[in-house]
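Contents: one structure, followed by commentary.
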Amino acid sequence: MHANQSNLPGQPLLDLVVFDQVDNMVVSIIAANLQAVAGLNTQILPSMVPPDDAYVPVRGQFDATIIIKKLACIDNGAPFKLGIIAHDLCSPILSFVYGESQLGGKAALVSLHRLFDDDPETYYQRAAKISLHEVGHLLGLGHCWENYCLMHFSSNIEALDALGISFCPACEYEIRRCLTSIVADDQ
């Protein structure tokens, strides 16, 4: 899907919620890719502090599940929330996650912590890919079997790097169908 194919009339459908200090360039690139690749109007909100109760001291990480639940409780703004955090994330059953999402829900979270690369372009692409993947889950998509699709599961950074910055035709169709339905419901 390309920016000129967006079927969204102007109101943002996703709020980017930035936690702590995240490079403005990476946030802008994530927002631009959500628009260009997924056709999703995005609004960047002012920076917030991560919730204290989400920090897991014995792991030195933040629990993604707790932050996602807090994001989902934000009632104002766009219907979907994508948190961007520089800190490392975990879940109760995983030692780390690049991102996590409520499948078909309201909130997702992406960590930039393990995405860094000496090449800024690689870092920005990784952040955009993970963000698009997590938003795909918000829109109800599961993992895809097509190994070139952004919805394909990436268990490591090399697998993420091997992905292009696009969805397969089936996932793209589902994203478009979901967004069209959301826009129709709002009218």
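Here's how to read the names in the structure tokens: chain A, B, ... by the order shown, residue numbers from 1 in each chain, ligand numbers from 1 in the order shown.
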
Item to check | Surrounding residues of Asn41 (chain A) excluding itself and chain neighbours under 2 positions, 9 Å, only C-alpha atoms, as a PyMOL selection string | outcome: chain A and resi 6+8-15+31-32+34-35+38-39+43

For Ser91 (chain A), list every protein, DNA or RNA residue within 12 Å, evaluated using only C-alpha atoms, and leave out those in the same chain fewer than 6 positions away; present the list as a tab-separated table (two decimals) with all heavy atoms, in the first residue's frame.
```tsv
chain	number	residue	atom	x	y	z
A	54	ALA	N	5.98	-1.07	35.83
A	54	ALA	CA	6.34	-1.95	34.71
A	54	ALA	C	7.81	-2.36	34.75
A	54	ALA	O	8.21	-3.30	34.05
A	54	ALA	CB	6.03	-1.26	33.38
A	55	TYR	N	8.60	-1.69	35.57
A	55	TYR	CA	10.03	-2.01	35.64
A	55	TYR	C	10.24	-3.27	36.48
A	55	TYR	O	9.70	-3.41	37.57
A	55	TYR	CB	10.83	-0.85	36.23
A	55	TYR	CG	12.32	-1.08	36.18
A	55	TYR	CD1	12.99	-1.10	34.96
A	55	TYR	CD2	13.05	-1.31	37.33
A	55	TYR	CE1	14.35	-1.33	34.89
A	55	TYR	CE2	14.42	-1.55	37.27
A	55	TYR	CZ	15.06	-1.56	36.05
A	55	TYR	OH	16.41	-1.80	36.00
A	56	VAL	N	11.03	-4.20	35.94
A	56	VAL	CA	11.34	-5.46	36.62
A	56	VAL	C	12.81	-5.41	37.02
A	56	VAL	O	13.69	-5.71	36.22
A	56	VAL	CB	11.07	-6.68	35.70
A	56	VAL	CG1	11.31	-7.99	36.45
A	56	VAL	CG2	9.68	-6.62	35.10
A	59	ARG	N	15.46	-8.13	36.35
A	59	ARG	CA	15.78	-8.35	34.93
A	59	ARG	C	16.37	-7.10	34.28
A	59	ARG	O	16.91	-7.19	33.19
A	59	ARG	CB	14.52	-8.80	34.19
A	59	ARG	CG	14.02	-10.15	34.66
A	59	ARG	CD	12.71	-10.52	34.04
A	59	ARG	NE	12.91	-11.12	32.74
A	59	ARG	CZ	11.95	-11.71	32.06
A	59	ARG	NH1	10.72	-11.78	32.54
A	59	ARG	NH2	12.19	-12.24	30.88
A	61	GLN	N	14.67	-4.77	33.00
A	61	GLN	CA	13.82	-4.56	31.82
A	61	GLN	C	12.45	-4.07	32.25
A	61	GLN	O	12.09	-4.15	33.42
A	61	GLN	CB	13.65	-5.88	31.05
A	61	GLN	CG	14.92	-6.48	30.49
A	61	GLN	CD	14.68	-7.89	29.97
A	61	GLN	OE1	14.26	-8.77	30.73
A	61	GLN	NE2	14.95	-8.10	28.70
A	62	PHE	N	11.70	-3.61	31.26
A	62	PHE	CA	10.30	-3.24	31.49
A	62	PHE	C	9.41	-4.35	30.97
A	62	PHE	O	9.67	-4.93	29.91
A	62	PHE	CB	9.97	-1.92	30.78
A	62	PHE	CG	10.47	-0.71	31.51
A	62	PHE	CD1	11.78	-0.28	31.34
A	62	PHE	CD2	9.65	0.01	32.36
A	62	PHE	CE1	12.26	0.84	32.01
A	62	PHE	CE2	10.12	1.12	33.04
A	62	PHE	CZ	11.42	1.53	32.87
A	63	ASP	N	8.34	-4.64	31.73
A	63	ASP	CA	7.36	-5.64	31.33
A	63	ASP	C	6.43	-5.02	30.29
A	63	ASP	O	5.65	-4.11	30.58
A	63	ASP	CB	6.58	-6.11	32.56
A	63	ASP	CG	5.62	-7.23	32.27
A	63	ASP	OD1	5.08	-7.32	31.14
A	63	ASP	OD2	5.38	-8.04	33.19
A	64	ALA	N	6.52	-5.52	29.07
A	64	ALA	CA	5.73	-4.97	27.96
A	64	ALA	C	4.23	-5.08	28.22
A	64	ALA	O	3.47	-4.17	27.88
A	64	ALA	CB	6.09	-5.69	26.66
A	65	THR	N	3.81	-6.16	28.85
A	65	THR	CA	2.39	-6.39	29.09
A	65	THR	C	1.77	-5.30	29.95
A	65	THR	O	0.66	-4.82	29.67
A	65	THR	CB	2.19	-7.77	29.76
A	65	THR	OG1	2.87	-8.76	28.99
A	65	THR	CG2	0.72	-8.12	29.87
A	66	ILE	N	2.49	-4.88	30.97
A	66	ILE	CA	1.98	-3.83	31.87
A	66	ILE	C	1.85	-2.50	31.13
A	66	ILE	O	0.84	-1.80	31.25
A	66	ILE	CB	2.88	-3.69	33.11
A	66	ILE	CG1	2.78	-4.96	33.97
A	66	ILE	CG2	2.52	-2.45	33.93
A	66	ILE	CD1	3.78	-5.03	35.11
A	67	ILE	N	2.86	-2.16	30.34
A	67	ILE	CA	2.81	-0.89	29.59
A	67	ILE	C	1.69	-0.92	28.56
A	67	ILE	O	0.96	0.07	28.40
A	67	ILE	CB	4.17	-0.59	28.94
A	67	ILE	CG1	5.26	-0.42	30.03
A	67	ILE	CG2	4.08	0.67	28.07
A	67	ILE	CD1	6.66	-0.26	29.48
A	68	ILE	N	1.51	-2.04	27.89
A	68	ILE	CA	0.44	-2.16	26.89
A	68	ILE	C	-0.93	-1.98	27.54
A	68	ILE	O	-1.80	-1.29	27.00
A	68	ILE	CB	0.54	-3.50	26.14
A	68	ILE	CG1	1.75	-3.46	25.19
A	68	ILE	CG2	-0.73	-3.81	25.38
A	68	ILE	CD1	2.08	-4.78	24.56
A	97	VAL	N	11.61	-9.04	24.23
A	97	VAL	CA	10.76	-8.90	23.05
A	97	VAL	C	11.16	-7.62	22.32
A	97	VAL	O	11.52	-6.63	22.94
A	97	VAL	CB	9.24	-8.87	23.39
A	97	VAL	CG1	8.78	-10.21	23.92
A	97	VAL	CG2	8.90	-7.76	24.37
A	98	TYR	N	11.13	-7.69	20.99
A	98	TYR	CA	11.34	-6.48	20.18
A	98	TYR	C	10.09	-5.60	20.27
A	98	TYR	O	10.17	-4.38	20.23
A	98	TYR	CB	11.59	-6.82	18.72
A	98	TYR	CG	12.85	-7.61	18.46
A	98	TYR	CD1	12.79	-8.85	17.83
A	98	TYR	CD2	14.10	-7.11	18.83
A	98	TYR	CE1	13.94	-9.57	17.57
A	98	TYR	CE2	15.25	-7.84	18.57
A	98	TYR	CZ	15.17	-9.06	17.94
A	98	TYR	OH	16.32	-9.79	17.69
A	99	GLY	N	8.96	-6.25	20.35
A	99	GLY	CA	7.68	-5.57	20.44
A	99	GLY	C	6.62	-6.55	20.89
A	99	GLY	O	6.83	-7.76	20.89
A	100	GLU	N	5.50	-6.00	21.28
A	100	GLU	CA	4.38	-6.84	21.71
A	100	GLU	C	3.10	-6.08	21.40
A	100	GLU	O	3.08	-4.85	21.40
A	100	GLU	CB	4.48	-7.17	23.19
A	100	GLU	CG	3.53	-8.25	23.62
A	100	GLU	CD	3.85	-8.79	25.01
A	100	GLU	OE1	5.02	-9.07	25.29
A	100	GLU	OE2	2.89	-8.93	25.80
A	101	SER	N	2.04	-6.84	21.15
A	101	SER	CA	0.79	-6.22	20.74
A	101	SER	C	-0.40	-7.01	21.26
A	101	SER	O	-0.30	-8.21	21.49
A	101	SER	CB	0.74	-6.18	19.20
A	101	SER	OG	-0.43	-5.57	18.75
A	109	LEU	N	3.44	-2.10	21.68
A	109	LEU	CA	4.64	-1.46	22.20
A	109	LEU	C	5.85	-1.98	21.43
A	109	LEU	O	5.94	-3.18	21.15
A	109	LEU	CB	4.78	-1.76	23.69
A	109	LEU	CG	5.94	-1.15	24.45
A	109	LEU	CD1	5.85	0.38	24.47
A	109	LEU	CD2	5.99	-1.70	25.87
```

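What separates CA of Leu132 (chain A) from CA of Asp161 (chain A) is a distance of 13.9 Å.
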
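If you measure from each of A:Ala128, A:Ile85, A:Val110, A:Leu40 to Leu179 (chain A) using only C-alpha atoms, the closest one turns out to be A:Leu40.
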
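The space between CA of Met25 (chain A) and CA of Tyr124 (chain A) spans 8.4 Å.
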
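Pairwise distance (CA of Gly83 (chain A), CA of Val17 (chain A)) equals 4.5 Å.
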
Next on the checklist: With only C-alpha atoms as the counted atoms, please give the residues lying no more than 10 Å from Phe167 (chain A), apart from itself and same-chain residues fewer than 5 positions off, as a ChimeraX atom specification.
Outcome noted: /A:1,37-38,132-133,136,144,146,148-152,172-173,175

Next on the checklist: Let's see if you can do this: from backbone DSSP, list all alpha helix (DSSP H) residues in region 106-187 of chain A, as a ChimeraX atom specification.
Outcome noted: /A:120-138,157-162,169-186

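The nearest approach to Leu16 (chain A) among the residues A:Pro51, A:Pro79, A:Gly142, A:Pro120, with only C-alpha atoms taken into account, belongs to A:Pro79.
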
Checklist entry - Got a sec to tell me which of region 4-178 of chain A DSSP assigns to strand (DSSP E or B), as a ChimeraX atom specification? => result /A:14-19,42-44,48,55-56,61-63,80-85,89-91,94-97,99-101,107-111

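For the residues A:Gln102, A:Asn33, A:Ser155, A:Ser111, ranking by smallest atom-to-atom distance to Lys129 (chain A) using only C-alpha atoms places A:Asn33 first.
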
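Distances from A:Ile84, A:Ala78, A:Ile93, A:Leu71 to Thr42 (chain A) were compared using only C-alpha atoms, and the smallest one belongs to A:Ala78.
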